[in-house]
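S.K.: One file is attached below, model-v9.txt, containing compact mmCIF, C-alpha atoms.
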# COMPACT_ATOMS: atom_id res chain seq x y z
CA MET A 146 86.49 124.60 60.44
CA SER A 147 86.27 120.88 59.80
CA ASP A 148 83.60 119.46 57.54
CA PRO A 149 80.32 120.00 59.41
CA THR A 150 79.21 116.47 58.58
CA SER A 151 81.74 115.29 61.18
CA ARG A 152 79.53 116.98 63.79
CA ILE A 153 76.28 115.48 62.55
CA ILE A 154 75.76 112.06 64.05
CA VAL A 155 73.13 110.17 62.11
CA ALA A 156 71.13 107.77 64.28
CA ILE A 157 70.39 104.53 62.49
CA ASP A 158 67.50 103.02 64.43
CA ARG A 159 67.16 99.63 62.79
CA MET A 160 67.20 96.04 63.92
CA SER A 161 68.54 94.33 60.83
CA GLN A 162 71.86 94.83 59.13
CA ALA A 163 70.16 94.90 55.76
CA ASP A 164 67.93 97.83 56.77
CA ALA A 165 70.83 99.67 58.36
CA HIS A 166 72.95 99.14 55.25
CA ALA A 167 70.12 100.44 53.10
CA ASP A 168 69.89 103.59 55.26
CA LEU A 169 73.61 104.24 54.94
CA LYS A 170 73.50 103.71 51.21
CA ARG A 171 70.68 106.22 50.81
CA ILE A 172 72.49 108.80 52.91
CA GLY A 173 75.56 108.44 50.74
CA PRO A 174 79.21 109.41 50.98
CA ARG A 175 78.85 112.63 53.00
CA LEU A 176 77.81 110.64 56.07
CA GLY A 177 80.50 111.47 58.63
CA PHE A 178 79.35 109.90 61.91
CA VAL A 179 76.93 107.11 62.64
CA LYS A 180 75.06 106.08 65.80
CA LEU A 181 73.92 102.55 66.51
CA GLY A 182 71.97 101.70 69.63
CA LEU A 183 70.70 98.85 71.75
CA GLU A 184 68.20 97.47 69.27
CA PHE A 185 70.85 96.98 66.62
CA PHE A 186 73.61 95.86 68.99
CA VAL A 187 71.56 93.21 70.74
CA ALA A 188 70.43 91.82 67.40
CA ASN A 189 73.74 91.91 65.58
CA GLY A 190 76.57 92.12 68.10
CA PRO A 191 79.94 93.79 67.63
CA GLN A 192 80.54 92.14 64.24
CA GLY A 193 77.28 93.52 62.95
CA VAL A 194 78.19 96.96 64.24
CA ARG A 195 81.44 97.14 62.33
CA ALA A 196 79.94 95.49 59.29
CA VAL A 197 77.51 98.37 59.05
CA ALA A 198 79.58 101.30 60.33
CA GLY A 199 82.69 100.31 58.38
CA PRO A 200 85.43 102.87 58.89
CA LEU A 201 83.01 105.65 59.89
CA PRO A 202 83.28 107.25 63.33
CA LEU A 203 80.85 105.34 65.51
CA PHE A 204 78.63 106.41 68.38
CA LEU A 205 77.77 103.21 70.22
CA ASP A 206 74.73 104.08 72.30
CA LEU A 207 74.52 101.26 74.84
CA LYS A 208 73.75 103.35 77.95
CA LEU A 209 75.65 101.06 80.30
CA HIS A 210 74.43 101.01 83.89
CA ASP A 211 75.66 98.42 86.41
CA ILE A 212 78.13 97.99 89.24
CA PRO A 213 81.52 99.60 88.51
CA ASN A 214 83.36 96.38 87.62
CA THR A 215 80.70 95.25 85.22
CA VAL A 216 80.46 98.58 83.46
CA ALA A 217 84.27 98.76 83.21
CA GLY A 218 84.16 95.31 81.60
CA GLY A 219 81.45 96.48 79.24
CA VAL A 220 83.55 99.47 78.21
CA ARG A 221 86.60 97.24 77.60
CA SER A 222 84.56 94.85 75.48
CA ALA A 223 83.00 97.71 73.54
CA CYS A 224 86.50 98.89 72.63
CA SER A 225 86.71 95.94 70.23
CA VAL A 226 84.60 97.93 67.77
CA SER A 227 86.56 101.16 68.42
CA PRO A 228 83.63 103.44 69.07
CA ARG A 229 84.40 107.15 69.05
CA PHE A 230 81.59 107.73 71.58
CA LEU A 231 80.11 105.31 74.09
CA THR A 232 77.28 106.09 76.53
CA ILE A 233 76.86 105.21 80.20
CA HIS A 234 74.23 106.26 82.76
CA ALA A 235 75.42 108.99 85.12
CA SER A 236 72.94 107.75 87.70
CA GLY A 237 75.21 104.70 88.08
CA GLY A 238 77.20 106.96 90.35
CA GLU A 239 80.68 108.36 90.66
CA ALA A 240 82.49 105.05 91.28
CA MET A 241 80.87 103.49 88.23
CA MET A 242 81.76 106.45 86.05
CA ARG A 243 85.33 106.52 87.31
CA ALA A 244 85.71 102.79 86.61
CA ALA A 245 84.33 103.33 83.11
CA ALA A 246 86.71 106.23 82.50
CA GLU A 247 89.68 104.13 83.64
CA ALA A 248 88.66 101.26 81.38
CA ALA A 249 88.32 103.59 78.41
CA LYS A 250 91.69 105.16 79.08
CA ALA A 251 93.34 101.75 78.81
CA ALA A 252 92.45 101.71 75.11
CA GLY A 253 95.05 104.43 74.53
CA SER A 254 94.85 107.04 71.84
CA SER A 255 91.89 105.39 70.13
CA ARG A 256 89.96 105.30 73.39
CA PRO A 257 86.23 105.93 73.21
CA ARG A 258 85.01 109.25 74.57
CA LEU A 259 82.50 108.44 77.26
CA LEU A 260 79.23 110.34 77.28
CA ALA A 261 76.94 110.28 80.28
CA ILE A 262 73.19 110.03 80.05
CA THR A 263 71.63 112.24 82.73
CA VAL A 264 67.85 112.02 82.84
CA LEU A 265 66.06 110.06 80.13
CA THR A 266 63.83 112.34 78.09
CA SER A 267 60.94 109.97 78.76
CA LEU A 268 61.00 110.84 82.48
CA ASP A 269 59.14 113.81 83.89
CA ASP A 270 59.26 115.20 87.42
CA ALA A 271 56.63 112.76 88.68
CA ASP A 272 58.52 109.79 87.21
CA LEU A 273 61.71 110.91 88.93
CA LYS A 274 59.91 111.19 92.23
CA ALA A 275 58.47 107.70 91.77
CA VAL A 276 61.98 106.24 91.49
CA GLY A 277 63.19 108.26 94.45
CA GLN A 278 65.23 110.86 92.59
CA SER A 279 64.79 114.48 93.48
CA GLY A 280 63.65 116.72 90.70
CA PRO A 281 62.84 118.80 88.92
CA ALA A 282 64.25 116.81 86.00
CA ARG A 283 66.15 119.85 84.79
CA ASP A 284 68.03 120.23 88.08
CA GLN A 285 68.72 116.50 88.26
CA ALA A 286 70.13 116.61 84.71
CA ARG A 287 72.45 119.49 85.61
CA ARG A 288 73.48 117.79 88.85
CA LEU A 289 74.32 114.54 87.06
CA ALA A 290 76.22 116.38 84.32
CA SER A 291 78.43 118.01 86.97
CA LEU A 292 78.97 114.67 88.68
CA ALA A 293 79.91 113.08 85.35
CA GLN A 294 82.45 115.77 84.67
CA LYS A 295 83.90 115.41 88.15
CA SER A 296 84.14 111.65 87.58
CA GLY A 297 86.30 111.95 84.49
CA ILE A 298 83.59 111.49 81.87
CA ASP A 299 84.16 113.35 78.59
CA GLY A 300 80.71 114.80 78.09
CA VAL A 301 76.98 114.31 78.24
CA VAL A 302 74.07 113.72 75.96
CA CYS A 303 71.75 116.61 76.70
CA SER A 304 68.54 118.26 75.60
CA PRO A 305 69.02 121.36 73.47
CA HIS A 306 67.17 123.23 76.24
CA GLU A 307 70.08 122.54 78.57
CA LEU A 308 72.90 123.68 76.29
CA GLN A 309 73.19 127.20 77.65
CA ALA A 310 73.24 126.10 81.30
CA LEU A 311 75.56 123.14 80.77
CA ARG A 312 78.04 125.06 78.64
CA GLN A 313 78.20 127.61 81.44
CA GLU A 314 78.42 124.96 84.12
CA CYS A 315 80.93 122.60 82.56
CA GLY A 316 83.16 124.89 80.50
CA LYS A 317 84.31 124.58 76.93
CA ASP A 318 86.19 121.27 77.12
CA PHE A 319 83.19 119.16 78.11
CA LEU A 320 81.45 117.51 75.17
CA LEU A 321 77.78 118.35 74.71
CA VAL A 322 76.01 116.02 72.32
CA THR A 323 72.43 116.94 71.53
CA PRO A 324 69.54 114.97 70.12
CA GLY A 325 66.10 116.50 69.63
CA ILE A 326 67.22 118.68 66.76
CA ARG A 327 64.97 119.26 63.80
CA PRO A 328 66.11 121.02 60.67
CA ALA A 329 64.18 124.22 60.11
CA THR A 330 62.23 122.75 57.23
CA SER A 331 61.22 119.30 58.45
CA ASP A 332 58.06 118.34 60.31
CA SER A 333 58.52 118.24 64.03
CA ASN A 334 57.75 114.49 64.29
CA ASP A 335 57.56 113.34 67.89
CA GLN A 336 59.77 115.85 69.62
CA LYS A 337 58.18 119.09 70.66
CA ARG A 338 59.77 122.51 70.83
CA ALA A 339 62.48 121.52 68.40
CA MET A 340 65.57 123.56 67.88
CA THR A 341 67.34 123.91 64.57
CA PRO A 342 70.89 122.62 63.98
CA SER A 343 72.43 126.06 63.75
CA GLU A 344 70.67 127.22 66.91
CA ALA A 345 71.99 124.23 68.82
CA ILE A 346 75.53 124.77 67.56
CA ARG A 347 75.36 128.45 68.49
CA LEU A 348 74.18 127.48 71.97
CA GLY A 349 77.30 125.37 72.40
CA ALA A 350 76.54 121.88 71.09
CA ASP A 351 79.64 120.03 69.89
CA TYR A 352 77.73 117.32 68.07
CA LEU A 353 74.15 116.86 66.94
CA VAL A 354 72.36 113.53 66.87
CA ILE A 355 69.80 113.46 64.10
CA GLY A 356 67.81 110.41 63.08
CA ARG A 357 64.54 110.44 61.24
CA PRO A 358 64.80 113.91 59.71
CA ILE A 359 67.66 112.44 57.70
CA THR A 360 66.97 108.70 57.46
CA GLN A 361 63.25 109.10 56.73
CA ALA A 362 63.64 112.02 54.35
CA ASP A 363 62.65 111.48 50.72
CA ASP A 364 66.24 112.27 49.86
CA PRO A 365 68.47 111.58 52.88
CA ALA A 366 71.65 112.71 51.11
CA THR A 367 70.17 116.13 50.45
CA ALA A 368 68.71 116.33 53.95
CA LEU A 369 72.18 115.76 55.42
CA ALA A 370 73.80 118.19 53.01
CA LYS A 371 71.27 120.89 53.88
CA ILE A 372 71.99 120.57 57.59
CA ALA A 373 75.74 120.59 56.94
CA ASP A 374 75.37 123.74 54.84
CA GLU A 375 73.27 125.40 57.54
CA ILE A 376 76.03 124.76 60.08
CA ALA A 377 78.80 125.76 57.68
CA ARG A 378 77.22 129.19 57.25
CA LEU A 379 77.64 130.02 60.95
CA MET B 229 74.52 125.21 89.46
CA SER B 230 76.49 127.97 87.80
CA VAL B 231 73.89 130.58 87.05
CA GLN B 232 75.43 133.70 85.53
CA VAL B 233 74.57 137.20 86.60
CA LYS B 234 74.40 140.59 84.96
CA ILE B 235 74.33 143.79 86.96
CA CYS B 236 72.75 146.49 84.85
CA GLY B 237 72.60 150.25 84.99
CA LEU B 238 76.01 150.83 86.56
CA ASN B 239 76.81 154.51 86.92
CA ALA B 240 79.20 154.91 89.84
CA PRO B 241 82.68 153.56 90.68
CA ASP B 242 81.74 151.77 93.91
CA ALA B 243 78.91 149.92 92.19
CA VAL B 244 81.24 148.91 89.37
CA ARG B 245 83.71 147.56 91.91
CA ALA B 246 80.96 145.48 93.50
CA ALA B 247 79.93 144.24 90.05
CA ALA B 248 83.44 142.94 89.35
CA GLU B 249 82.27 139.56 90.64
CA ALA B 250 79.44 139.41 88.10
CA ASP B 251 79.56 137.84 84.63
CA PHE B 252 78.07 140.80 82.77
CA ALA B 253 78.09 144.52 83.50
CA GLY B 254 75.51 146.70 81.81
CA PHE B 255 75.70 150.42 81.14
CA VAL B 256 72.69 152.42 80.01
CA PHE B 257 72.97 154.87 77.13
CA TYR B 258 69.48 156.31 77.19
CA GLY B 259 68.82 159.91 78.19
CA PRO B 260 65.51 159.51 80.05
CA SER B 261 66.90 156.76 82.29
CA PRO B 262 68.11 157.68 85.79
CA ARG B 263 70.99 155.28 85.08
CA ASN B 264 72.06 157.03 81.89
CA VAL B 265 75.80 157.53 81.39
CA THR B 266 77.80 158.74 78.42
CA PRO B 267 79.82 156.13 76.56
CA ALA B 268 83.00 157.92 77.65
CA THR B 269 82.02 157.75 81.32
CA ALA B 270 81.02 154.12 80.92
CA ALA B 271 84.41 153.34 79.39
CA GLU B 272 86.14 154.99 82.34
CA LEU B 273 84.02 153.07 84.84
CA ALA B 274 84.33 149.77 82.99
CA ALA B 275 88.11 150.08 82.85
CA LYS B 276 88.12 148.85 86.45
CA LEU B 277 86.31 145.64 85.57
CA PRO B 278 88.21 142.37 85.16
CA ARG B 279 88.46 141.34 81.51
CA GLN B 280 86.23 138.28 81.93
CA VAL B 281 83.26 140.46 82.85
CA LYS B 282 81.37 141.07 79.63
CA ARG B 283 80.49 144.69 78.95
CA VAL B 284 76.97 145.30 77.76
CA ALA B 285 75.80 148.54 76.15
CA LEU B 286 72.08 149.07 76.71
CA THR B 287 70.33 151.34 74.25
CA VAL B 288 66.68 152.08 73.53
CA ASP B 289 65.66 152.58 69.91
CA ALA B 290 69.05 154.15 69.32
CA ASP B 291 70.08 155.59 65.98
CA ASP B 292 73.28 154.56 64.24
CA ALA B 293 75.13 157.63 65.51
CA LEU B 294 74.64 156.71 69.17
CA LEU B 295 75.41 153.06 68.54
CA ARG B 296 78.61 154.03 66.74
CA LEU B 297 79.61 156.34 69.59
CA ALA B 298 78.92 153.59 72.13
CA LEU B 299 80.96 151.19 70.06
CA VAL B 300 83.94 153.44 69.55
CA GLU B 301 84.14 154.94 73.03
CA PHE B 302 82.85 152.13 75.24
CA LYS B 303 83.85 149.03 73.25
CA PRO B 304 81.08 146.73 74.46
CA ASP B 305 81.06 142.94 74.11
CA ILE B 306 77.30 142.88 73.60
CA LEU B 307 74.73 145.40 72.37
CA GLN B 308 71.49 145.23 74.35
CA LEU B 309 68.53 146.63 72.45
CA HIS B 310 65.88 147.49 75.00
CA GLY B 311 63.37 149.40 72.91
CA LYS B 312 60.91 148.51 70.19
CA GLU B 313 63.57 147.60 67.63
CA PRO B 314 61.86 145.34 65.07
CA PRO B 315 63.64 142.20 63.83
CA ASP B 316 64.97 143.83 60.66
CA ARG B 317 66.47 146.69 62.68
CA VAL B 318 68.11 144.18 65.06
CA ALA B 319 69.48 142.27 62.08
CA ALA B 320 70.78 145.47 60.52
CA ILE B 321 72.50 146.54 63.77
CA LYS B 322 74.08 143.11 64.18
CA HIS B 323 75.30 143.18 60.61
CA GLN B 324 76.54 146.76 60.65
CA PHE B 325 78.29 146.75 64.01
CA GLY B 326 79.45 143.14 64.05
CA LEU B 327 78.65 142.54 67.71
CA PRO B 328 76.38 140.02 69.43
CA VAL B 329 72.99 141.60 70.04
CA MET B 330 70.61 141.01 72.93
CA LYS B 331 66.96 141.87 72.35
CA ALA B 332 64.71 142.74 75.25
CA ILE B 333 61.25 141.19 75.29
CA PRO B 334 58.82 142.80 77.75
CA VAL B 335 56.60 140.17 79.34
CA ARG B 336 53.39 140.29 81.32
CA GLU B 337 51.45 137.36 79.88
CA ALA B 338 52.07 134.24 77.80
CA ALA B 339 51.24 135.95 74.51
CA ASP B 340 54.10 138.41 75.07
CA LEU B 341 56.57 135.56 74.55
CA ASP B 342 55.41 135.22 70.95
CA ALA B 343 57.36 138.37 70.19
CA ALA B 344 60.55 136.40 70.79
CA LYS B 345 59.85 134.15 67.80
CA ALA B 346 60.43 136.95 65.32
CA TYR B 347 64.01 137.36 66.56
CA ARG B 348 64.93 133.68 66.05
CA GLY B 349 68.08 133.36 64.03
CA ILE B 350 68.74 137.09 64.50
CA ALA B 351 69.31 137.93 68.17
CA ASP B 352 72.24 136.23 69.92
CA TRP B 353 70.54 136.73 73.27
CA LEU B 354 67.06 137.46 74.50
CA ILE B 355 66.36 139.18 77.80
CA PHE B 356 62.90 138.73 79.26
CA ASP B 357 61.96 141.76 81.28
CA GLY B 358 58.82 142.53 83.28
CA LYS B 359 56.43 144.81 81.46
CA PRO B 360 55.22 147.51 83.89
CA GLY B 361 51.47 147.86 84.29
CA ARG B 362 51.50 151.52 83.38
CA ASP B 363 53.84 153.56 81.25
CA THR B 364 56.76 154.67 83.40
CA GLY B 365 58.57 156.27 80.48
CA ARG B 366 61.33 153.72 80.93
CA PRO B 367 61.38 150.40 79.12
CA GLY B 368 63.35 148.64 81.89
CA GLY B 369 64.48 148.91 85.47
CA ASN B 370 60.92 149.22 86.72
CA ALA B 371 61.00 146.49 89.36
CA ALA B 372 58.21 144.69 87.49
CA THR B 373 58.26 140.92 87.84
CA PHE B 374 56.18 138.54 85.77
CA ASP B 375 54.98 134.98 86.08
CA TRP B 376 58.24 133.05 85.80
CA ALA B 377 56.33 129.85 85.04
CA LEU B 378 55.67 131.30 81.58
CA LEU B 379 59.30 130.43 80.81
CA THR B 380 59.31 126.93 82.32
CA GLY B 381 60.55 124.39 79.80
CA LYS B 382 60.66 126.92 77.00
CA ALA B 383 63.48 127.12 74.48
CA PHE B 384 63.97 130.08 72.24
CA GLY B 385 66.73 128.79 70.01
CA THR B 386 69.17 131.16 71.60
CA ARG B 387 70.69 132.15 74.92
CA TRP B 388 68.39 134.11 77.19
CA MET B 389 68.42 135.85 80.51
CA LEU B 390 65.72 136.58 83.03
CA SER B 391 65.18 140.13 84.20
CA GLY B 392 62.43 142.18 85.82
CA GLY B 393 62.10 142.87 89.51
CA LEU B 394 64.68 140.36 90.68
CA THR B 395 66.20 140.77 94.14
CA ALA B 396 68.52 138.75 96.34
CA SER B 397 65.45 137.28 98.04
CA ASN B 398 63.45 136.19 95.01
CA VAL B 399 66.18 135.25 92.52
CA GLY B 400 66.44 131.66 93.79
CA GLU B 401 62.75 131.07 93.29
CA ALA B 402 62.86 132.83 89.92
CA VAL B 403 65.64 130.57 88.67
CA ARG B 404 64.00 127.44 90.05
CA ILE B 405 60.73 128.16 88.30
CA SER B 406 61.95 129.67 85.03
CA GLY B 407 65.00 127.48 84.52
CA ALA B 408 67.04 130.57 83.69
CA ALA B 409 70.78 130.04 83.30
CA THR B 410 71.47 133.77 83.42
CA VAL B 411 69.79 136.54 85.44
CA ASP B 412 69.82 140.31 85.19
CA VAL B 413 69.22 142.88 87.89
CA SER B 414 69.06 146.63 88.06
CA SER B 415 66.39 148.15 90.33
CA GLY B 416 66.65 145.17 92.68
CA VAL B 417 70.12 146.29 93.79
CA GLU B 418 69.22 149.97 94.18
CA ASP B 419 67.96 152.21 97.00
CA LYS B 420 66.08 154.33 94.49
CA PRO B 421 66.15 154.49 90.66
CA GLY B 422 69.70 155.19 89.56
CA HIS B 423 71.26 154.75 93.00
CA LYS B 424 72.98 151.39 93.24
CA ASN B 425 73.60 149.93 96.68
CA VAL B 426 76.96 148.16 96.90
CA PHE B 427 75.77 145.76 99.57
CA LYS B 428 72.67 144.84 97.60
CA ILE B 429 74.84 144.11 94.56
CA LYS B 430 77.11 141.89 96.62
CA ARG B 431 74.17 140.17 98.26
CA PHE B 432 72.53 139.55 94.90
CA ILE B 433 75.67 138.03 93.39
CA LYS B 434 76.14 135.90 96.48
CA ALA B 435 72.55 134.67 96.27
CA VAL B 436 73.05 133.67 92.64
CA ARG B 437 76.37 131.96 93.32
CA ALA B 438 74.72 129.90 96.04
CA LEU B 439 72.18 128.40 93.62
Before we go any further, please render this structure as structure tokens.
M.R.:
Amino acid sequence: MSDPTSRIIVAIDRMSQADAHADLKRIGPRLGFVKLGLEFFVANGPQGVRAVAGPLPLFLDLKLHDIPNTVAGGVRSACSVSPRFLTIHASGGEAMMRAAAEAAKAAGSSRPRLLAITVLTSLDDADLKAVGQSGPARDQARRLASLAQKSGIDGVVCSPHELQALRQECGKDFLLVTPGIRPATSDSNDQKRAMTPSEAIRLGADYLVIGRPITQADDPATALAKIADEIARL
Amino acid sequence: MSVQVKICGLNAPDAVRAAAEADFAGFVFYGPSPRNVTPATAAELAAKLPRQVKRVALTVDADDALLRLALVEFKPDILQLHGKEPPDRVAAIKHQFGLPVMKAIPVREAADLDAAKAYRGIADWLIFDGKPGRDTGRPGGNAATFDWALLTGKAFGTRWMLSGGLTASNVGEAVRISGAATVDVSSGVEDKPGHKNVFKIKRFIKAVRAL
């Protein structure tokens, strides 16, 4: 099996390049995949993204959501920083996702893999109802994951709770990328009912997104190494 | 939604044929059960199943000798442990026999789910089964449902299936409330304990496929 650190995506949630750089430096050379999101991108643009990520595989978490042409344009522009993963909102609909997939394909062999966001974790059933989407949130997430797959999207970002159902639903070639993972030893921070890295991998996760348990650890390099070792033992 | 289905307690050829459309087929190796079969009989019956249907050997507090026999003669894909096997016994079985293990957790109230915690990192599957109100002498297949809302939004760090009193008419509701991705049925597709009804099996699978 490949080095498990290539399956651990470390979320760098910073606004400034200096802070992001400092995080990467503390994590050290075993860092194998980095995620940068809206806060960083809006502040620093594509140049800032590559300045920080360097040659590392990059998860660019922009959660694009607009009319098909605009999202396709966004995907094309994002290709300038060669992200390995790029996110879009599945609720943008099939035409939007198909346009995004086409745009990504044009980048050839280095094309970004597109991941769909289904239901934001901040939304509960009542929130969904308020915006006119039919719940429960769990069913809506599964429905949107299926639609994403049908629309040519490579995978979804999903809650660890959904891994079993989505792996069944979407088969083995659909990427499942899971945040909300807490190493067995760390405090559970703000996400309840955490699952451990090895549990998530066993349930079918391809990649784990882990932020604070690594970046805010007293020793981020060791925190990452511990998670990698836990996965390697499977 | 592709919810998977396990038909448990198969003991006759026509029932096995009907279960060919399921995802899991369970055979019971437990003397007191009306669904009990020998591993050799189970192997014969299961030979008619398509390869993609996973074969599950259900035992209850079995000793190594029975487990070995089940393994050698029946060649299961999964060992279902439906008794009071403590976590260290489950770990030992998993280690010794090298197969995925599924631990049954009897449930009547919320506190019963705590038992699942002890099997974290050990069991490959959990199966939540209704705990009958009185002792029936059988740990499963008692048509006992439980409050499915106890499972809503829960994660157990491993795959799990819902069991206990499911039928073609209540399985949709059970899945909707519990969020189960896999369901298990035995008594719900029988005319009486140990007597599977082919049409009920087909109707149950159809109900699950329609979810």
S.K.: Of the candidates A:Ala196, A:Val322, A:Leu209, A:Ala290, which one gets nearest to Ala310 in chain A if we count all atoms listed in the file?
M.R.: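 Of A:Ala196, A:Val322, A:Leu209, A:Ala290, the one nearest Ala310 in chain A is A:Ala290, counting all atoms listed in the file.
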S.K.: What is the CA of Gly392 in chain B-CA of Asn370 in chain B distance in Å, reported with one decimal?
M.R.: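 Rounded to one decimal, the two atoms are 7.3 Å apart.
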S.K.: Which polymer residues have any atom within 12 Å of an atom of Pro314 in chain B, counting all atoms listed in the file, with same-chain residues fewer than 5 positions away left out, as a CSV table (one decimal) with C-alpha atoms, in the frame of the given file?
M.R.:
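So selection23.csv came out as:
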chain,number,residue,atom,x,y,z
B,288,VAL,CA,66.7,152.1,73.5
B,289,ASP,CA,65.7,152.6,69.9
B,309,LEU,CA,68.5,146.6,72.4
B,319,ALA,CA,69.5,142.3,62.1
B,320,ALA,CA,70.8,145.5,60.5
B,321,ILE,CA,72.5,146.5,63.8
B,331,LYS,CA,67.0,141.9,72.4
B,332,ALA,CA,64.7,142.7,75.2
B,333,ILE,CA,61.2,141.2,75.3
B,343,ALA,CA,57.4,138.4,70.2
B,344,ALA,CA,60.6,136.4,70.8
B,345,LYS,CA,59.8,134.2,67.8
B,346,ALA,CA,60.4,137.0,65.3
B,347,TYR,CA,64.0,137.4,66.6
B,350,ILE,CA,68.7,137.1,64.5
B,351,ALA,CA,69.3,137.9,68.2
S.K.: Quote the spacing between CA of Ala350 in chain A and CA of Ser151 in chain A in Å to one decimal place.
M.R.: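 Taking CA of Ala350 in chain A as the start and CA of Ser151 in chain A as the end point, the length is 13.0 Å.
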S.K.: Find the residues of chain B in contact range of chain A, meaning any atom within 7 Å when counting all atoms listed in the file, and list them as a VMD selection string.
M.R.: chain B and resid 229 to 230 383 385 to 387 409
S.K.: Quick one, how far is CA of Leu379 in chain A from CA of Gly349 in chain B?
M.R.: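 Going from CA of Leu379 in chain A over to CA of Gly349 in chain B, I get 10.6 Å.
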S.K.: Which is closest to Val220 in chain A among A:Lys180, A:Ala165, A:Arg256, A:Ala188, if we use all atoms listed in the file?
M.R.: A:Arg256
